[in-house]
Amino acid sequence: MAAHFIKIKSHLLARIEDGSMQHGDKVPSENKLAEQFNVSRMTARRALTDLVNEGILLRSQGLGTFVSDQRPMSSMLEINSIDDEVLARGHSYANKVICQNQIHATAHQANSLGLAIDDPVYHTQIIHLENNIPIQLEDRLVNPKYAPDYIAQDFNKITANRYLNKVAPLTEAEHVIEALLPAEDIAQALSVNTQQPCLLISRRTFSAKGIVSFANLYHPGNRYRLGGHLDFPAST
């Protein structure tokens, strides 16, 4: 029984991994699996129940069992350090720093940070990885006035978000979310092709003194989601 149970699980996992079953697809019923593998319905049920408990499948009462959406989800309502999000999912976190330098602000960059054209600006590009797979390209501009030592940080030891919130505590933020096809350099950084839709979060953060940073955060759409939960007061 144990060998048959593992065989069914392995078969379903292989179909999900090779893409023949995708998010939202209905999984064969217990009866069909029992018939296909010549096992009892109880054995088939155990295989499905284990995959449901592991979050790989989702059971809907009266409808059947479906492949769940396992892409990581980031909150739209909170700003968290990405390493905390990854570790909270029980996964490994790592990053790669692409660039870390001082530049002179273009008109667009100056406007984003409330500076003058050609003012010095700190610029970093960092790829964030979950289980060694890129999930975010962070392209960030920082106002040196509010974080003078930003450019000297080791971002393999502390994320930009965590460091900035430490030296210039966040008081407010504004962001815009859009879907786009990535440019070649962005696609290469995220290990996707240029036809893979991505989510872009453009976020400007403020401390009590002024605009601290402006970041473009690119996520492969097939590896990342945005969501949140809202509580509303009871109506009277």
# chains A, B, ... in the order shown; residues from 1 in each chain; ligands from 1
call {"tool": "residues_around", "arguments": {"residues": "Phe155 (chain A)", "least_positions_apart": "3", "cutoff": "12 Å", "atoms": "only C-alpha atoms", "output": "PyMOL selection string"}}
result
chain A and resi 83+94-100+124-128+138+150-152+158-164
call {"tool": "select_by_dssp", "arguments": {"residues": "region 115-163 of chain A", "states": "helix (DSSP H, G or I)", "output": "short mmCIF file (atom, residue, chain, number, x, y, z; two decimals) with all heavy atoms, in the first residue's frame"}}
result
data_model
loop_
_atom_site.label_atom_id
_atom_site.label_comp_id
_atom_site.auth_asym_id
_atom_site.auth_seq_id
_atom_site.Cartn_x
_atom_site.Cartn_y
_atom_site.Cartn_z
N TYR A 150 24.62 54.60 2.52
CA TYR A 150 23.92 53.54 1.80
C TYR A 150 24.85 52.80 0.84
O TYR A 150 24.87 51.57 0.79
CB TYR A 150 22.74 54.13 1.03
CG TYR A 150 21.99 53.14 0.16
CD1 TYR A 150 21.05 52.28 0.71
CD2 TYR A 150 22.23 53.06 -1.22
CE1 TYR A 150 20.36 51.38 -0.09
CE2 TYR A 150 21.55 52.16 -2.02
CZ TYR A 150 20.62 51.32 -1.45
OH TYR A 150 19.94 50.42 -2.24
N ILE A 151 25.61 53.54 0.08
CA ILE A 151 26.41 52.95 -0.99
C ILE A 151 27.54 52.09 -0.45
O ILE A 151 28.11 51.26 -1.17
CB ILE A 151 26.96 54.07 -1.91
CG1 ILE A 151 27.25 53.51 -3.31
CG2 ILE A 151 28.19 54.73 -1.31
CD1 ILE A 151 26.01 53.07 -4.03
N ALA A 152 27.87 52.22 0.83
CA ALA A 152 28.97 51.45 1.43
C ALA A 152 28.50 50.15 2.08
O ALA A 152 29.31 49.39 2.60
CB ALA A 152 29.70 52.30 2.47
N ALA A 160 18.41 46.28 1.23
CA ALA A 160 18.28 47.73 1.11
C ALA A 160 17.08 48.22 1.91
O ALA A 160 17.15 49.25 2.61
CB ALA A 160 18.13 48.12 -0.36
N ASN A 161 15.98 47.48 1.84
CA ASN A 161 14.78 47.87 2.56
C ASN A 161 15.04 47.94 4.06
O ASN A 161 14.66 48.90 4.73
CB ASN A 161 13.65 46.87 2.26
CG ASN A 161 12.39 47.14 3.06
OD1 ASN A 161 12.28 46.74 4.21
ND2 ASN A 161 11.43 47.80 2.43
N ARG A 162 15.68 46.91 4.60
CA ARG A 162 15.93 46.88 6.04
C ARG A 162 16.89 47.99 6.46
O ARG A 162 16.70 48.64 7.49
CB ARG A 162 16.49 45.51 6.46
CG ARG A 162 16.76 45.43 7.95
CD ARG A 162 17.17 44.05 8.40
NE ARG A 162 16.03 43.15 8.47
CZ ARG A 162 15.80 42.16 7.62
NH1 ARG A 162 16.63 41.94 6.63
NH2 ARG A 162 14.75 41.39 7.73
N TYR A 163 17.93 48.21 5.67
CA TYR A 163 18.90 49.25 6.01
C TYR A 163 18.26 50.64 5.99
O TYR A 163 18.43 51.44 6.92
CB TYR A 163 20.10 49.23 5.05
CG TYR A 163 21.05 50.37 5.32
CD1 TYR A 163 21.90 50.35 6.42
CD2 TYR A 163 21.06 51.50 4.50
CE1 TYR A 163 22.75 51.41 6.69
CE2 TYR A 163 21.90 52.56 4.76
CZ TYR A 163 22.74 52.51 5.86
OH TYR A 163 23.57 53.58 6.14
#
call {"tool": "residues_around", "arguments": {"residues": "Leu181 (chain A)", "least_positions_apart": "2", "cutoff": "7 Å", "atoms": "only C-alpha atoms", "output": "number ranges by chain"}}
result
A: 183, 194-198
call {"tool": "write_last_selection", "arguments": {"atoms": "C-alpha atoms", "output": "PDB file, in the first residue's frame"}}
result
ATOM      1  CA  ALA A 183      13.415  44.552 -21.681  1.00  0.00           C
ATOM      2  CA  THR A 194      11.285  38.753 -23.155  1.00  0.00           C
ATOM      3  CA  GLN A 195       7.826  37.292 -23.838  1.00  0.00           C
ATOM      4  CA  GLN A 196       7.289  36.344 -20.180  1.00  0.00           C
ATOM      5  CA  PRO A 197       4.938  38.891 -18.554  1.00  0.00           C
ATOM      6  CA  CYS A 198       6.341  40.547 -15.447  1.00  0.00           C
TER       7      CYS A 198
END
call {"tool": "residues_around", "arguments": {"residues": "Leu33 (chain A)", "least_positions_apart": "6", "cutoff": "9 Å", "atoms": "only C-alpha atoms", "output": "ChimeraX atom specification"}}
result
/A:8,39,41,44-45
call {"tool": "atom_distance", "arguments": {"atom1": "CA of Lys157 (chain A)", "atom2": "CA of His104 (chain A)"}}
result
26.6 Å
call {"tool": "closest_residue", "arguments": {"among": "A:Val27, A:Val86, A:Leu141, A:Met42", "to": "Leu63 (chain A)", "atoms": "only C-alpha atoms"}}
result
A:Val27
call {"tool": "select_by_dssp", "arguments": {"residues": "region 14-209 of chain A", "states": "strand (DSSP E or B)", "output": "VMD selection string"}}
result
chain A and resid 26 57 to 60 64 to 67 73 to 75 93 to 104 120 to 130 133 to 142 172 to 180 198 to 206
call {"tool": "residues_around", "arguments": {"residues": "His4 (chain A)", "least_positions_apart": "5", "cutoff": "10 Å", "atoms": "only C-alpha atoms", "output": "number ranges by chain"}}
result
A: 9-10, 34, 37-40, 43-44, 47
call {"tool": "closest_residue", "arguments": {"among": "A:Ala179, A:Val121, A:Val212, A:Val192", "to": "Val167 (chain A)", "atoms": "only C-alpha atoms"}}
result
A:Val212
call {"tool": "atom_distance", "arguments": {"atom1": "CA of Ala215 (chain A)", "atom2": "CA of Asp139 (chain A)"}}
result
5.5 Å
call {"tool": "atom_distance", "arguments": {"atom1": "CA of Glu184 (chain A)", "atom2": "CA of Ile133 (chain A)"}}
result
18.0 Å
call {"tool": "residues_around", "arguments": {"residues": "Ile211 (chain A)", "least_positions_apart": "2", "cutoff": "8 Å", "atoms": "only C-alpha atoms", "output": "VMD selection string"}}
result
chain A and resid 113 to 114 143 204 to 207 209 213
call {"tool": "residues_around", "arguments": {"residues": "region 175-177 of chain A", "least_positions_apart": "3", "cutoff": "8 Å", "atoms": "only C-alpha atoms", "output": "tab-separated table (two decimals) with N, CA, C and O atoms, in the first residue's frame"}}
result
chain	number	residue	atom	x	y	z
A	199	LEU	N	5.52	41.54	-13.42
A	199	LEU	CA	4.87	42.56	-12.60
A	199	LEU	C	5.92	43.59	-12.22
A	199	LEU	O	7.03	43.24	-11.80
A	200	LEU	N	5.58	44.86	-12.37
A	200	LEU	CA	6.47	45.94	-11.96
A	200	LEU	C	5.78	46.75	-10.87
A	200	LEU	O	4.68	47.26	-11.07
A	201	ILE	N	6.46	46.84	-9.73
A	201	ILE	CA	6.01	47.72	-8.66
A	201	ILE	C	6.96	48.91	-8.62
A	201	ILE	O	8.16	48.74	-8.39
A	202	SER	N	6.45	50.09	-8.88
A	202	SER	CA	7.23	51.32	-8.77
A	202	SER	C	6.88	51.96	-7.45
A	202	SER	O	5.73	52.37	-7.25
A	203	ARG	N	7.86	52.05	-6.56
A	203	ARG	CA	7.56	52.48	-5.18
A	203	ARG	C	8.47	53.62	-4.74
A	203	ARG	O	9.69	53.55	-4.88
A	204	ARG	N	7.85	54.65	-4.21
A	204	ARG	CA	8.59	55.77	-3.63
A	204	ARG	C	8.32	55.79	-2.13
A	204	ARG	O	7.17	55.71	-1.69
call {"tool": "closest_residue", "arguments": {"among": "A:Leu87, A:Ala110, A:Val52, A:Leu57", "to": "Phe214 (chain A)", "atoms": "only C-alpha atoms"}}
result
A:Ala110
call {"tool": "decode", "arguments": {"residues": "region 127-138 of chain A", "atoms": "N, CA and C atoms", "output": "tab-separated table (two decimals), in the first residue's frame"}}
result
chain	number	residue	atom	x	y	z
A	127	ILE	N	19.45	41.37	-7.54
A	127	ILE	CA	18.56	40.27	-7.86
A	127	ILE	C	18.31	39.48	-6.59
A	128	HIS	N	17.05	39.28	-6.24
A	128	HIS	CA	16.69	38.49	-5.06
A	128	HIS	C	16.24	37.11	-5.51
A	129	LEU	N	16.73	36.08	-4.82
A	129	LEU	CA	16.46	34.70	-5.21
A	129	LEU	C	15.78	33.92	-4.09
A	130	GLU	N	14.84	33.08	-4.47
A	130	GLU	CA	14.16	32.17	-3.56
A	130	GLU	C	14.46	30.75	-4.03
A	131	ASN	N	15.11	29.97	-3.17
A	131	ASN	CA	15.57	28.63	-3.55
A	131	ASN	C	16.39	28.70	-4.84
A	132	ASN	N	17.24	29.73	-4.92
A	132	ASN	CA	18.17	29.95	-6.04
A	132	ASN	C	17.48	30.32	-7.35
A	133	ILE	N	16.20	30.69	-7.29
A	133	ILE	CA	15.47	31.12	-8.49
A	133	ILE	C	15.16	32.61	-8.36
A	134	PRO	N	15.49	33.43	-9.36
A	134	PRO	CA	15.22	34.87	-9.27
A	134	PRO	C	13.72	35.16	-9.17
A	135	ILE	N	13.34	35.94	-8.15
A	135	ILE	CA	11.93	36.33	-8.01
A	135	ILE	C	11.76	37.85	-8.04
A	136	GLN	N	12.87	38.59	-7.94
A	136	GLN	CA	12.74	40.05	-7.99
A	136	GLN	C	14.05	40.68	-8.44
A	137	LEU	N	13.94	41.65	-9.34
A	137	LEU	CA	15.05	42.55	-9.66
A	137	LEU	C	14.71	43.89	-9.04
A	138	GLU	N	15.51	44.33	-8.09
A	138	GLU	CA	15.31	45.60	-7.40
A	138	GLU	C	16.24	46.65	-7.99
